[in-house]
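run_3.tsv, holding TSV, N, CA, C and O atoms:
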chain	number	residue	atom	x	y	z
A	125	MET	N	-8.79	-27.58	27.67
A	125	MET	CA	-9.55	-26.62	28.42
A	125	MET	C	-9.07	-25.22	28.05
A	125	MET	O	-7.87	-24.96	27.99
A	126	ASN	N	-10.02	-24.31	27.84
A	126	ASN	CA	-9.67	-22.95	27.45
A	126	ASN	C	-8.85	-22.26	28.54
A	126	ASN	O	-9.17	-22.34	29.72
A	127	THR	N	-7.79	-21.59	28.12
A	127	THR	CA	-6.88	-20.93	29.04
A	127	THR	C	-6.54	-19.55	28.50
A	127	THR	O	-6.22	-19.40	27.32
A	128	LEU	N	-6.60	-18.56	29.37
A	128	LEU	CA	-6.16	-17.21	29.04
A	128	LEU	C	-4.93	-16.93	29.88
A	128	LEU	O	-4.95	-17.14	31.10
A	129	ILE	N	-3.85	-16.50	29.23
A	129	ILE	CA	-2.64	-16.17	29.98
A	129	ILE	C	-2.19	-14.75	29.66
A	129	ILE	O	-2.47	-14.22	28.59
A	130	ALA	N	-1.53	-14.17	30.61
A	130	ALA	CA	-0.79	-12.93	30.41
A	130	ALA	C	0.67	-13.29	30.64
A	130	ALA	O	1.01	-13.85	31.69
A	131	VAL	N	1.51	-13.03	29.66
A	131	VAL	CA	2.91	-13.42	29.77
A	131	VAL	C	3.81	-12.25	29.39
A	131	VAL	O	3.50	-11.48	28.48
A	132	ALA	N	4.89	-12.13	30.13
A	132	ALA	CA	5.95	-11.18	29.80
A	132	ALA	C	7.23	-12.00	29.71
A	132	ALA	O	7.61	-12.68	30.66
A	133	ILE	N	7.86	-11.97	28.55
A	133	ILE	CA	9.10	-12.70	28.31
A	133	ILE	C	10.14	-11.66	27.92
A	133	ILE	O	9.97	-10.96	26.93
A	134	ALA	N	11.20	-11.55	28.72
A	134	ALA	CA	12.19	-10.51	28.48
A	134	ALA	C	13.60	-11.00	28.75
A	134	ALA	O	13.81	-11.84	29.62
A	135	PRO	N	14.56	-10.46	28.01
A	135	PRO	CA	15.97	-10.83	28.22
A	135	PRO	C	16.60	-10.05	29.35
A	135	PRO	O	16.12	-8.98	29.74
A	136	PHE	N	17.68	-10.59	29.88
A	136	PHE	CA	18.51	-9.91	30.87
A	136	PHE	C	19.93	-9.79	30.34
A	136	PHE	O	20.41	-10.68	29.63
A	137	GLY	N	20.59	-8.70	30.69
A	137	GLY	CA	22.00	-8.56	30.35
A	137	GLY	C	22.28	-8.17	28.92
A	137	GLY	O	23.39	-8.39	28.44
A	138	VAL	N	21.29	-7.58	28.24
A	138	VAL	CA	21.50	-7.22	26.84
A	138	VAL	C	21.44	-5.70	26.62
A	138	VAL	O	21.41	-5.25	25.49
A	139	GLY	N	21.41	-4.94	27.71
A	139	GLY	CA	21.37	-3.48	27.58
A	139	GLY	C	20.07	-2.91	28.10
A	139	GLY	O	19.24	-3.61	28.67
A	140	ASP	N	19.91	-1.62	27.85
A	140	ASP	CA	18.75	-0.90	28.37
A	140	ASP	C	17.53	-1.00	27.47
A	140	ASP	O	16.40	-0.93	27.94
A	141	GLU	N	17.72	-1.10	26.18
A	141	GLU	CA	16.59	-1.15	25.24
A	141	GLU	C	16.32	-2.60	24.84
A	141	GLU	O	17.17	-3.26	24.27
A	142	LEU	N	15.11	-3.08	25.18
A	142	LEU	CA	14.79	-4.49	24.99
A	142	LEU	C	13.83	-4.75	23.82
A	142	LEU	O	13.55	-5.90	23.50
A	143	SER	N	13.35	-3.70	23.17
A	143	SER	CA	12.29	-3.87	22.17
A	143	SER	C	12.68	-4.81	21.02
A	143	SER	O	11.84	-5.56	20.53
A	144	GLU	N	13.93	-4.81	20.62
A	144	GLU	CA	14.38	-5.69	19.54
A	144	GLU	C	14.19	-7.16	19.94
A	144	GLU	O	13.74	-7.98	19.13
A	145	TYR	N	14.50	-7.48	21.18
A	145	TYR	CA	14.38	-8.86	21.66
A	145	TYR	C	12.92	-9.23	21.92
A	145	TYR	O	12.48	-10.33	21.59
A	146	VAL	N	12.19	-8.31	22.51
A	146	VAL	CA	10.77	-8.56	22.78
A	146	VAL	C	10.02	-8.74	21.47
A	146	VAL	O	9.11	-9.56	21.37
A	147	ALA	N	10.42	-8.03	20.43
A	147	ALA	CA	9.79	-8.18	19.11
A	147	ALA	C	9.94	-9.61	18.59
A	147	ALA	O	9.00	-10.15	17.98
A	148	GLU	N	11.07	-10.23	18.83
A	148	GLU	CA	11.27	-11.62	18.42
A	148	GLU	C	10.29	-12.54	19.13
A	148	GLU	O	9.74	-13.47	18.54
A	149	VAL	N	10.08	-12.28	20.40
A	149	VAL	CA	9.14	-13.06	21.21
A	149	VAL	C	7.72	-12.88	20.70
A	149	VAL	O	6.99	-13.85	20.47
A	150	VAL	N	7.31	-11.64	20.51
A	150	VAL	CA	5.95	-11.35	20.07
A	150	VAL	C	5.69	-11.92	18.68
A	150	VAL	O	4.59	-12.41	18.40
A	151	LYS	N	6.68	-11.91	17.83
A	151	LYS	CA	6.53	-12.49	16.49
A	151	LYS	C	6.17	-13.97	16.58
A	151	LYS	O	5.28	-14.45	15.87
A	152	VAL	N	6.83	-14.71	17.44
A	152	VAL	CA	6.53	-16.14	17.63
A	152	VAL	C	5.09	-16.30	18.10
A	152	VAL	O	4.36	-17.17	17.62
A	153	ILE	N	4.67	-15.46	19.03
A	153	ILE	CA	3.31	-15.55	19.56
A	153	ILE	C	2.30	-15.26	18.46
A	153	ILE	O	1.32	-15.99	18.29
A	154	ARG	N	2.52	-14.20	17.70
A	154	ARG	CA	1.58	-13.84	16.63
A	154	ARG	C	1.51	-14.90	15.55
A	154	ARG	O	0.44	-15.16	14.99
A	155	GLU	N	2.62	-15.52	15.25
A	155	GLU	CA	2.64	-16.56	14.22
A	155	GLU	C	1.97	-17.86	14.68
A	155	GLU	O	1.71	-18.73	13.86
A	156	SER	N	1.66	-17.97	15.96
A	156	SER	CA	1.03	-19.18	16.49
A	156	SER	C	-0.39	-19.37	15.97
A	156	SER	O	-0.90	-20.49	15.95
A	157	GLY	N	-1.04	-18.28	15.60
A	157	GLY	CA	-2.43	-18.37	15.16
A	157	GLY	C	-3.43	-18.31	16.30
A	157	GLY	O	-4.64	-18.24	16.05
A	158	LEU	N	-2.96	-18.34	17.53
A	158	LEU	CA	-3.86	-18.22	18.68
A	158	LEU	C	-4.24	-16.76	18.88
A	158	LEU	O	-3.44	-15.86	18.59
A	159	PRO	N	-5.44	-16.49	19.38
A	159	PRO	CA	-5.80	-15.12	19.69
A	159	PRO	C	-4.80	-14.53	20.68
A	159	PRO	O	-4.44	-15.18	21.66
A	160	ASN	N	-4.33	-13.32	20.39
A	160	ASN	CA	-3.36	-12.69	21.27
A	160	ASN	C	-3.47	-11.18	21.18
A	160	ASN	O	-3.99	-10.64	20.21
A	161	LYS	N	-2.98	-10.52	22.21
A	161	LYS	CA	-3.04	-9.07	22.30
A	161	LYS	C	-1.83	-8.61	23.10
A	161	LYS	O	-1.61	-9.07	24.22
A	162	THR	N	-1.04	-7.70	22.52
A	162	THR	CA	0.15	-7.20	23.19
A	162	THR	C	-0.10	-5.78	23.69
A	162	THR	O	-0.63	-4.94	22.97
A	163	THR	N	0.29	-5.56	24.95
A	163	THR	CA	0.27	-4.23	25.54
A	163	THR	C	1.70	-3.86	25.91
A	163	THR	O	2.63	-4.62	25.63
A	164	SER	N	1.87	-2.74	26.57
A	164	SER	CA	3.22	-2.29	26.90
A	164	SER	C	3.93	-3.18	27.92
A	164	SER	O	5.16	-3.15	28.00
A	165	MET	N	3.17	-3.98	28.68
A	165	MET	CA	3.77	-4.78	29.73
A	165	MET	C	3.64	-6.29	29.53
A	165	MET	O	4.48	-7.05	30.01
A	166	PHE	N	2.56	-6.74	28.89
A	166	PHE	CA	2.28	-8.17	28.76
A	166	PHE	C	1.70	-8.47	27.39
A	166	PHE	O	1.20	-7.58	26.71
A	167	THR	N	1.72	-9.74	27.04
A	167	THR	CA	0.97	-10.24	25.90
A	167	THR	C	0.00	-11.28	26.42
A	167	THR	O	0.39	-12.18	27.17
A	168	GLU	N	-1.26	-11.14	26.05
A	168	GLU	CA	-2.27	-12.14	26.39
A	168	GLU	C	-2.38	-13.13	25.24
A	168	GLU	O	-2.32	-12.75	24.07
A	169	ILE	N	-2.56	-14.39	25.60
A	169	ILE	CA	-2.76	-15.45	24.61
A	169	ILE	C	-3.90	-16.32	25.13
A	169	ILE	O	-3.96	-16.63	26.32
A	170	GLU	N	-4.79	-16.74	24.23
A	170	GLU	CA	-5.91	-17.58	24.64
A	170	GLU	C	-6.03	-18.79	23.73
A	170	GLU	O	-5.82	-18.70	22.52
A	171	GLY	N	-6.37	-19.92	24.33
A	171	GLY	CA	-6.58	-21.15	23.58
A	171	GLY	C	-6.57	-22.35	24.51
A	171	GLY	O	-6.60	-22.21	25.73
A	172	GLU	N	-6.52	-23.52	23.90
A	172	GLU	CA	-6.42	-24.74	24.70
A	172	GLU	C	-5.10	-24.73	25.47
A	172	GLU	O	-4.07	-24.31	24.96
A	173	TYR	N	-5.16	-25.23	26.70
A	173	TYR	CA	-4.02	-25.16	27.62
A	173	TYR	C	-2.71	-25.62	26.97
A	173	TYR	O	-1.71	-24.90	27.01
A	174	ASP	N	-2.69	-26.82	26.40
A	174	ASP	CA	-1.45	-27.35	25.83
A	174	ASP	C	-0.91	-26.48	24.70
A	174	ASP	O	0.30	-26.28	24.59
A	175	LYS	N	-1.80	-25.95	23.88
A	175	LYS	CA	-1.37	-25.10	22.76
A	175	LYS	C	-0.80	-23.78	23.27
A	175	LYS	O	0.22	-23.30	22.77
A	176	VAL	N	-1.45	-23.21	24.26
A	176	VAL	CA	-0.97	-21.95	24.84
A	176	VAL	C	0.41	-22.15	25.46
A	176	VAL	O	1.33	-21.35	25.25
A	177	MET	N	0.57	-23.22	26.21
A	177	MET	CA	1.85	-23.47	26.87
A	177	MET	C	2.96	-23.77	25.86
A	177	MET	O	4.11	-23.41	26.09
A	178	GLU	N	2.62	-24.41	24.76
A	178	GLU	CA	3.61	-24.66	23.71
A	178	GLU	C	4.09	-23.34	23.10
A	178	GLU	O	5.27	-23.17	22.83
A	179	VAL	N	3.17	-22.40	22.91
A	179	VAL	CA	3.54	-21.09	22.39
A	179	VAL	C	4.45	-20.36	23.38
A	179	VAL	O	5.45	-19.75	22.98
A	180	VAL	N	4.13	-20.43	24.65
A	180	VAL	CA	4.98	-19.80	25.67
A	180	VAL	C	6.38	-20.40	25.63
A	180	VAL	O	7.39	-19.69	25.68
A	181	LYS	N	6.46	-21.71	25.50
A	181	LYS	CA	7.76	-22.39	25.43
A	181	LYS	C	8.55	-21.92	24.21
A	181	LYS	O	9.73	-21.54	24.33
A	182	LYS	N	7.92	-21.91	23.05
A	182	LYS	CA	8.61	-21.48	21.82
A	182	LYS	C	9.06	-20.03	21.93
A	182	LYS	O	10.16	-19.68	21.52
A	183	ALA	N	8.18	-19.18	22.47
A	183	ALA	CA	8.51	-17.76	22.58
A	183	ALA	C	9.66	-17.54	23.57
A	183	ALA	O	10.52	-16.68	23.35
A	184	THR	N	9.70	-18.32	24.63
A	184	THR	CA	10.79	-18.23	25.61
A	184	THR	C	12.10	-18.69	25.00
A	184	THR	O	13.14	-18.04	25.14
A	185	PHE	N	12.04	-19.80	24.31
A	185	PHE	CA	13.27	-20.39	23.77
A	185	PHE	C	13.86	-19.61	22.61
A	185	PHE	O	15.04	-19.78	22.30
A	186	VAL	N	13.09	-18.71	21.99
A	186	VAL	CA	13.65	-17.91	20.91
A	186	VAL	C	14.81	-17.06	21.44
A	186	VAL	O	15.78	-16.81	20.73
A	187	LEU	N	14.74	-16.66	22.69
A	187	LEU	CA	15.85	-15.93	23.30
A	187	LEU	C	16.83	-16.87	23.99
A	187	LEU	O	18.05	-16.74	23.82
A	188	ALA	N	16.32	-17.80	24.76
A	188	ALA	CA	17.18	-18.70	25.53
A	188	ALA	C	18.12	-19.51	24.64
A	188	ALA	O	19.27	-19.75	25.00
A	189	GLU	N	17.63	-19.90	23.47
A	189	GLU	CA	18.49	-20.67	22.56
A	189	GLU	C	19.63	-19.84	21.97
A	189	GLU	O	20.56	-20.39	21.39
A	190	LYS	N	19.55	-18.53	22.12
A	190	LYS	CA	20.64	-17.65	21.70
A	190	LYS	C	21.62	-17.41	22.84
A	190	LYS	O	22.52	-16.59	22.73
A	191	GLY	N	21.40	-18.09	23.96
A	191	GLY	CA	22.28	-17.92	25.12
A	191	GLY	C	21.93	-16.72	25.97
A	191	GLY	O	22.74	-16.29	26.80
A	192	ILE	N	20.73	-16.17	25.77
A	192	ILE	CA	20.31	-14.99	26.51
A	192	ILE	C	19.54	-15.43	27.75
A	192	ILE	O	18.58	-16.21	27.66
A	193	ARG	N	19.94	-14.92	28.90
A	193	ARG	CA	19.18	-15.18	30.13
A	193	ARG	C	17.79	-14.57	29.95
A	193	ARG	O	17.65	-13.40	29.58
A	194	THR	N	16.76	-15.37	30.23
A	194	THR	CA	15.40	-14.96	29.91
A	194	THR	C	14.50	-15.11	31.13
A	194	THR	O	14.49	-16.14	31.78
A	195	GLU	N	13.73	-14.04	31.42
A	195	GLU	CA	12.77	-14.06	32.51
A	195	GLU	C	11.37	-14.20	31.93
A	195	GLU	O	11.04	-13.57	30.93
A	196	VAL	N	10.57	-15.05	32.57
A	196	VAL	CA	9.18	-15.24	32.15
A	196	VAL	C	8.27	-14.99	33.34
A	196	VAL	O	8.44	-15.59	34.40
A	197	ILE	N	7.33	-14.07	33.16
A	197	ILE	CA	6.28	-13.82	34.15
A	197	ILE	C	4.98	-14.28	33.52
A	197	ILE	O	4.65	-13.86	32.41
A	198	LEU	N	4.27	-15.17	34.21
A	198	LEU	CA	3.09	-15.80	33.62
A	198	LEU	C	1.93	-15.80	34.61
A	198	LEU	O	2.10	-16.17	35.77
A	199	LYS	N	0.79	-15.34	34.15
A	199	LYS	CA	-0.44	-15.39	34.93
A	199	LYS	C	-1.47	-16.11	34.09
A	199	LYS	O	-1.63	-15.83	32.90
A	200	MET	N	-2.20	-17.07	34.70
A	200	MET	CA	-3.15	-17.90	33.95
A	200	MET	C	-4.55	-17.80	34.54
A	200	MET	O	-4.70	-17.74	35.75
A	201	ASP	N	-5.54	-17.83	33.66
A	201	ASP	CA	-6.95	-17.91	34.06
A	201	ASP	C	-7.55	-19.10	33.32
A	201	ASP	O	-7.76	-19.04	32.12
A	202	ILE	N	-7.76	-20.18	34.04
A	202	ILE	CA	-8.36	-21.39	33.48
A	202	ILE	C	-9.78	-21.44	34.01
A	202	ILE	O	-10.00	-21.64	35.21
A	203	ARG	N	-10.76	-21.23	33.12
A	203	ARG	CA	-12.14	-21.13	33.54
A	203	ARG	C	-12.99	-22.06	32.70
A	203	ARG	O	-13.38	-21.72	31.57
A	204	PRO	N	-13.28	-23.26	33.20
A	204	PRO	CA	-14.05	-24.25	32.44
A	204	PRO	C	-15.39	-23.69	31.97
A	204	PRO	O	-16.08	-22.97	32.71
A	205	GLY	N	-15.74	-24.01	30.73
A	205	GLY	CA	-17.02	-23.61	30.18
A	205	GLY	C	-17.04	-22.23	29.54
A	205	GLY	O	-18.06	-21.81	29.01
A	206	PHE	N	-15.94	-21.51	29.59
A	206	PHE	CA	-15.88	-20.17	29.01
A	206	PHE	C	-14.94	-20.14	27.82
A	206	PHE	O	-13.94	-20.86	27.80
A	207	THR	N	-15.26	-19.32	26.83
A	207	THR	CA	-14.38	-19.09	25.69
A	207	THR	C	-14.33	-17.59	25.42
A	207	THR	O	-15.15	-16.83	25.94
A	208	ASP	N	-13.39	-17.17	24.61
A	208	ASP	CA	-13.20	-15.76	24.25
A	208	ASP	C	-13.15	-14.88	25.49
A	208	ASP	O	-13.67	-13.76	25.51
A	209	THR	N	-12.50	-15.38	26.53
A	209	THR	CA	-12.43	-14.61	27.78
A	209	THR	C	-11.58	-13.35	27.63
A	209	THR	O	-11.77	-12.39	28.37
A	210	MET	N	-10.68	-13.33	26.67
A	210	MET	CA	-9.85	-12.16	26.43
A	210	MET	C	-10.72	-10.93	26.17
A	210	MET	O	-10.41	-9.83	26.61
A	211	ASN	N	-11.82	-11.13	25.47
A	211	ASN	CA	-12.72	-10.02	25.14
A	211	ASN	C	-13.91	-9.93	26.09
A	211	ASN	O	-14.30	-8.84	26.50
A	212	LYS	N	-14.48	-11.06	26.43
A	212	LYS	CA	-15.70	-11.05	27.24
A	212	LYS	C	-15.48	-10.54	28.66
A	212	LYS	O	-16.37	-9.93	29.24
A	213	LYS	N	-14.29	-10.76	29.22
A	213	LYS	CA	-14.00	-10.22	30.56
A	213	LYS	C	-14.07	-8.70	30.53
A	213	LYS	O	-14.61	-8.07	31.43
A	214	LEU	N	-13.53	-8.11	29.48
A	214	LEU	CA	-13.57	-6.65	29.36
A	214	LEU	C	-14.98	-6.15	29.10
A	214	LEU	O	-15.37	-5.09	29.61
A	215	ASP	N	-15.76	-6.90	28.30
A	215	ASP	CA	-17.14	-6.51	28.05
A	215	ASP	C	-17.93	-6.46	29.36
A	215	ASP	O	-18.70	-5.52	29.59
A	216	ARG	N	-17.75	-7.47	30.22
A	216	ARG	CA	-18.45	-7.49	31.50
A	216	ARG	C	-18.01	-6.32	32.39
A	216	ARG	O	-18.82	-5.69	33.06
A	217	LEU	N	-16.74	-6.02	32.38
A	217	LEU	CA	-16.21	-4.89	33.16
A	217	LEU	C	-16.83	-3.58	32.68
A	217	LEU	O	-17.31	-2.78	33.47
A	218	GLU	N	-16.80	-3.35	31.37
A	218	GLU	CA	-17.33	-2.11	30.81
A	218	GLU	C	-18.82	-1.95	31.11
A	218	GLU	O	-19.29	-0.84	31.33
A	219	ALA	N	-19.56	-3.05	31.12
A	219	ALA	CA	-20.99	-2.98	31.41
A	219	ALA	C	-21.24	-2.44	32.83
A	219	ALA	O	-22.23	-1.74	33.06
A	220	HIS	N	-20.33	-2.71	33.73
A	220	HIS	CA	-20.48	-2.21	35.11
A	220	HIS	C	-20.06	-0.74	35.23
A	220	HIS	O	-20.53	-0.05	36.14
A	221	ILE	N	-19.21	-0.30	34.35
A	221	ILE	CA	-18.73	1.08	34.41
A	221	ILE	C	-19.75	2.06	33.83
A	221	ILE	O	-19.90	3.16	34.33
A	222	LYS	N	-20.49	1.63	32.84
A	222	LYS	CA	-21.44	2.51	32.15
A	222	LYS	C	-22.64	2.86	32.97
A	222	LYS	O	-23.13	2.59	33.86
Show the structure stored in the file as structure tokens.
Amino acid sequence: MNTLIAVAIAPFGVGDELSEYVAEVVKVIRESGLPNKTTSMFTEIEGEYDKVMEVVKKATFVLAEKGIRTEVILKMDIRPGFTDTMNKKLDRLEAHIK
């Protein structure tokens, strides 16, 4: 079933600047081949539920396996019968604004 998630995966206890660690996480997500989009706070990933969750697991463990305490914030939108929700949700929003 198609699933759109917004996920933030970040380390704790590694200092004030986290971009080096977050870059490792985002690299795993981008290499997954699933549609994704990174913003300053979250990365969205879309695809079949099991595939999306596997990517979240791999991206989380890239830090955790280094012994880094890792926080994951995850929001999911599972909407049967819909695809490309990452883009179409915004298209519907923009249509109401214009």
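Relative to atom C of Gly137 (chain A), atom C of Leu187 (chain A) is found at 11.4 Å.
The nearest approach to Glu148 (chain A) among the residues A:Val131, A:Val186, A:Val196, A:Ala219, with only N, CA, C and O atoms taken into account, belongs to A:Val186.
With all atoms listed in the file as the atoms that count, the minimum distance from Ile153 (chain A) to the choices A:Ala134, A:Leu198, A:Ala183, A:Ile129 is reached by A:Ala183.
Of the residues listed (A:Leu128, A:Ile133, A:Val180, A:Leu214), A:Leu128 shows the shortest atom-to-atom separation from Lys199 (chain A); distances use all atoms listed in the file.
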Practice task
Compile the contact shell of Tyr173 (chain A) as number ranges by chain: residues with an atom at most 8 Å away, counting all atoms listed in the file, same-chain residues fewer than 2 positions apart removed.
Solution key: A: 125-128, 170-171, 175-180
Pick out each residue of chain A that DSSP on the backbone tags as strand (DSSP E or B); I need them as an mmCIF file with N, CA, C and O atoms, in the frame of the given file.
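In the end it all went to states.cif:
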data_model
loop_
_atom_site.group_PDB
_atom_site.id
_atom_site.type_symbol
_atom_site.label_atom_id
_atom_site.label_comp_id
_atom_site.auth_asym_id
_atom_site.auth_seq_id
_atom_site.Cartn_x
_atom_site.Cartn_y
_atom_site.Cartn_z
ATOM 1 N N ASN A 126 -10.020 -24.310 27.840
ATOM 2 C CA ASN A 126 -9.670 -22.950 27.450
ATOM 3 C C ASN A 126 -8.850 -22.260 28.540
ATOM 4 O O ASN A 126 -9.170 -22.340 29.720
ATOM 5 N N THR A 127 -7.790 -21.590 28.120
ATOM 6 C CA THR A 127 -6.880 -20.930 29.040
ATOM 7 C C THR A 127 -6.540 -19.550 28.500
ATOM 8 O O THR A 127 -6.220 -19.400 27.320
ATOM 9 N N LEU A 128 -6.600 -18.560 29.370
ATOM 10 C CA LEU A 128 -6.160 -17.210 29.040
ATOM 11 C C LEU A 128 -4.930 -16.930 29.880
ATOM 12 O O LEU A 128 -4.950 -17.140 31.100
ATOM 13 N N ILE A 129 -3.850 -16.500 29.230
ATOM 14 C CA ILE A 129 -2.640 -16.170 29.980
ATOM 15 C C ILE A 129 -2.190 -14.750 29.660
ATOM 16 O O ILE A 129 -2.470 -14.220 28.590
ATOM 17 N N ALA A 130 -1.530 -14.170 30.610
ATOM 18 C CA ALA A 130 -0.790 -12.930 30.410
ATOM 19 C C ALA A 130 0.670 -13.290 30.640
ATOM 20 O O ALA A 130 1.010 -13.850 31.690
ATOM 21 N N VAL A 131 1.510 -13.030 29.660
ATOM 22 C CA VAL A 131 2.910 -13.420 29.770
ATOM 23 C C VAL A 131 3.810 -12.250 29.390
ATOM 24 O O VAL A 131 3.500 -11.480 28.480
ATOM 25 N N ALA A 132 4.890 -12.130 30.130
ATOM 26 C CA ALA A 132 5.950 -11.180 29.800
ATOM 27 C C ALA A 132 7.230 -12.000 29.710
ATOM 28 O O ALA A 132 7.610 -12.680 30.660
ATOM 29 N N ILE A 133 7.860 -11.970 28.550
ATOM 30 C CA ILE A 133 9.100 -12.700 28.310
ATOM 31 C C ILE A 133 10.140 -11.660 27.920
ATOM 32 O O ILE A 133 9.970 -10.960 26.930
ATOM 33 N N ALA A 134 11.200 -11.550 28.720
ATOM 34 C CA ALA A 134 12.190 -10.510 28.480
ATOM 35 C C ALA A 134 13.600 -11.000 28.750
ATOM 36 O O ALA A 134 13.810 -11.840 29.620
ATOM 37 N N PRO A 135 14.560 -10.460 28.010
ATOM 38 C CA PRO A 135 15.970 -10.830 28.220
ATOM 39 C C PRO A 135 16.600 -10.050 29.350
ATOM 40 O O PRO A 135 16.120 -8.980 29.740
ATOM 41 N N PHE A 136 17.680 -10.590 29.880
ATOM 42 C CA PHE A 136 18.510 -9.910 30.870
ATOM 43 C C PHE A 136 19.930 -9.790 30.340
ATOM 44 O O PHE A 136 20.410 -10.680 29.630
ATOM 45 N N ASN A 160 -4.330 -13.320 20.390
ATOM 46 C CA ASN A 160 -3.360 -12.690 21.270
ATOM 47 C C ASN A 160 -3.470 -11.180 21.180
ATOM 48 O O ASN A 160 -3.990 -10.640 20.210
ATOM 49 N N LYS A 161 -2.980 -10.520 22.210
ATOM 50 C CA LYS A 161 -3.040 -9.070 22.300
ATOM 51 C C LYS A 161 -1.830 -8.610 23.100
ATOM 52 O O LYS A 161 -1.610 -9.070 24.220
ATOM 53 N N THR A 162 -1.040 -7.700 22.520
ATOM 54 C CA THR A 162 0.150 -7.200 23.190
ATOM 55 C C THR A 162 -0.100 -5.780 23.690
ATOM 56 O O THR A 162 -0.630 -4.940 22.970
ATOM 57 N N THR A 167 1.720 -9.740 27.040
ATOM 58 C CA THR A 167 0.970 -10.240 25.900
ATOM 59 C C THR A 167 0.000 -11.280 26.420
ATOM 60 O O THR A 167 0.390 -12.180 27.170
ATOM 61 N N GLU A 168 -1.260 -11.140 26.050
ATOM 62 C CA GLU A 168 -2.270 -12.140 26.390
ATOM 63 C C GLU A 168 -2.380 -13.130 25.240
ATOM 64 O O GLU A 168 -2.320 -12.750 24.070
ATOM 65 N N ILE A 169 -2.560 -14.390 25.600
ATOM 66 C CA ILE A 169 -2.760 -15.450 24.610
ATOM 67 C C ILE A 169 -3.900 -16.320 25.130
ATOM 68 O O ILE A 169 -3.960 -16.630 26.320
ATOM 69 N N GLU A 170 -4.790 -16.740 24.230
ATOM 70 C CA GLU A 170 -5.910 -17.580 24.640
ATOM 71 C C GLU A 170 -6.030 -18.790 23.730
ATOM 72 O O GLU A 170 -5.820 -18.700 22.520
ATOM 73 N N GLY A 171 -6.370 -19.920 24.330
ATOM 74 C CA GLY A 171 -6.580 -21.150 23.580
ATOM 75 C C GLY A 171 -6.570 -22.350 24.510
ATOM 76 O O GLY A 171 -6.600 -22.210 25.730
ATOM 77 N N GLU A 172 -6.520 -23.520 23.900
ATOM 78 C CA GLU A 172 -6.420 -24.740 24.700
ATOM 79 C C GLU A 172 -5.100 -24.730 25.470
ATOM 80 O O GLU A 172 -4.070 -24.310 24.960
ATOM 81 N N ARG A 193 19.940 -14.920 28.900
ATOM 82 C CA ARG A 193 19.180 -15.180 30.130
ATOM 83 C C ARG A 193 17.790 -14.570 29.950
ATOM 84 O O ARG A 193 17.650 -13.400 29.580
ATOM 85 N N THR A 194 16.760 -15.370 30.230
ATOM 86 C CA THR A 194 15.400 -14.960 29.910
ATOM 87 C C THR A 194 14.500 -15.110 31.130
ATOM 88 O O THR A 194 14.490 -16.140 31.780
ATOM 89 N N GLU A 195 13.730 -14.040 31.420
ATOM 90 C CA GLU A 195 12.770 -14.060 32.510
ATOM 91 C C GLU A 195 11.370 -14.200 31.930
ATOM 92 O O GLU A 195 11.040 -13.570 30.930
ATOM 93 N N VAL A 196 10.570 -15.050 32.570
ATOM 94 C CA VAL A 196 9.180 -15.240 32.150
ATOM 95 C C VAL A 196 8.270 -14.990 33.340
ATOM 96 O O VAL A 196 8.440 -15.590 34.400
ATOM 97 N N ILE A 197 7.330 -14.070 33.160
ATOM 98 C CA ILE A 197 6.280 -13.820 34.150
ATOM 99 C C ILE A 197 4.980 -14.280 33.520
ATOM 100 O O ILE A 197 4.650 -13.860 32.410
ATOM 101 N N LEU A 198 4.270 -15.170 34.210
ATOM 102 C CA LEU A 198 3.090 -15.800 33.620
ATOM 103 C C LEU A 198 1.930 -15.800 34.610
ATOM 104 O O LEU A 198 2.100 -16.170 35.770
ATOM 105 N N LYS A 199 0.790 -15.340 34.150
ATOM 106 C CA LYS A 199 -0.440 -15.390 34.930
ATOM 107 C C LYS A 199 -1.470 -16.110 34.090
ATOM 108 O O LYS A 199 -1.630 -15.830 32.900
ATOM 109 N N MET A 200 -2.200 -17.070 34.700
ATOM 110 C CA MET A 200 -3.150 -17.900 33.950
ATOM 111 C C MET A 200 -4.550 -17.800 34.540
ATOM 112 O O MET A 200 -4.700 -17.740 35.750
ATOM 113 N N ASP A 201 -5.540 -17.830 33.660
ATOM 114 C CA ASP A 201 -6.950 -17.910 34.060
ATOM 115 C C ASP A 201 -7.550 -19.100 33.320
ATOM 116 O O ASP A 201 -7.760 -19.040 32.120
ATOM 117 N N ILE A 202 -7.760 -20.180 34.040
ATOM 118 C CA ILE A 202 -8.360 -21.390 33.480
ATOM 119 C C ILE A 202 -9.780 -21.440 34.010
ATOM 120 O O ILE A 202 -10.000 -21.640 35.210
#
Practice task
Please report, as an MDAnalysis selection string, each residue of chain A to which DSSP assigns helix (DSSP H, G or I) when run on this structure's backbone.
Solution key: chainID A and resid 143:155 173:188 209:221
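When CA of Asp215 (chain A) is paired with CA of Glu168 (chain A), their separation reads 16.0 Å.
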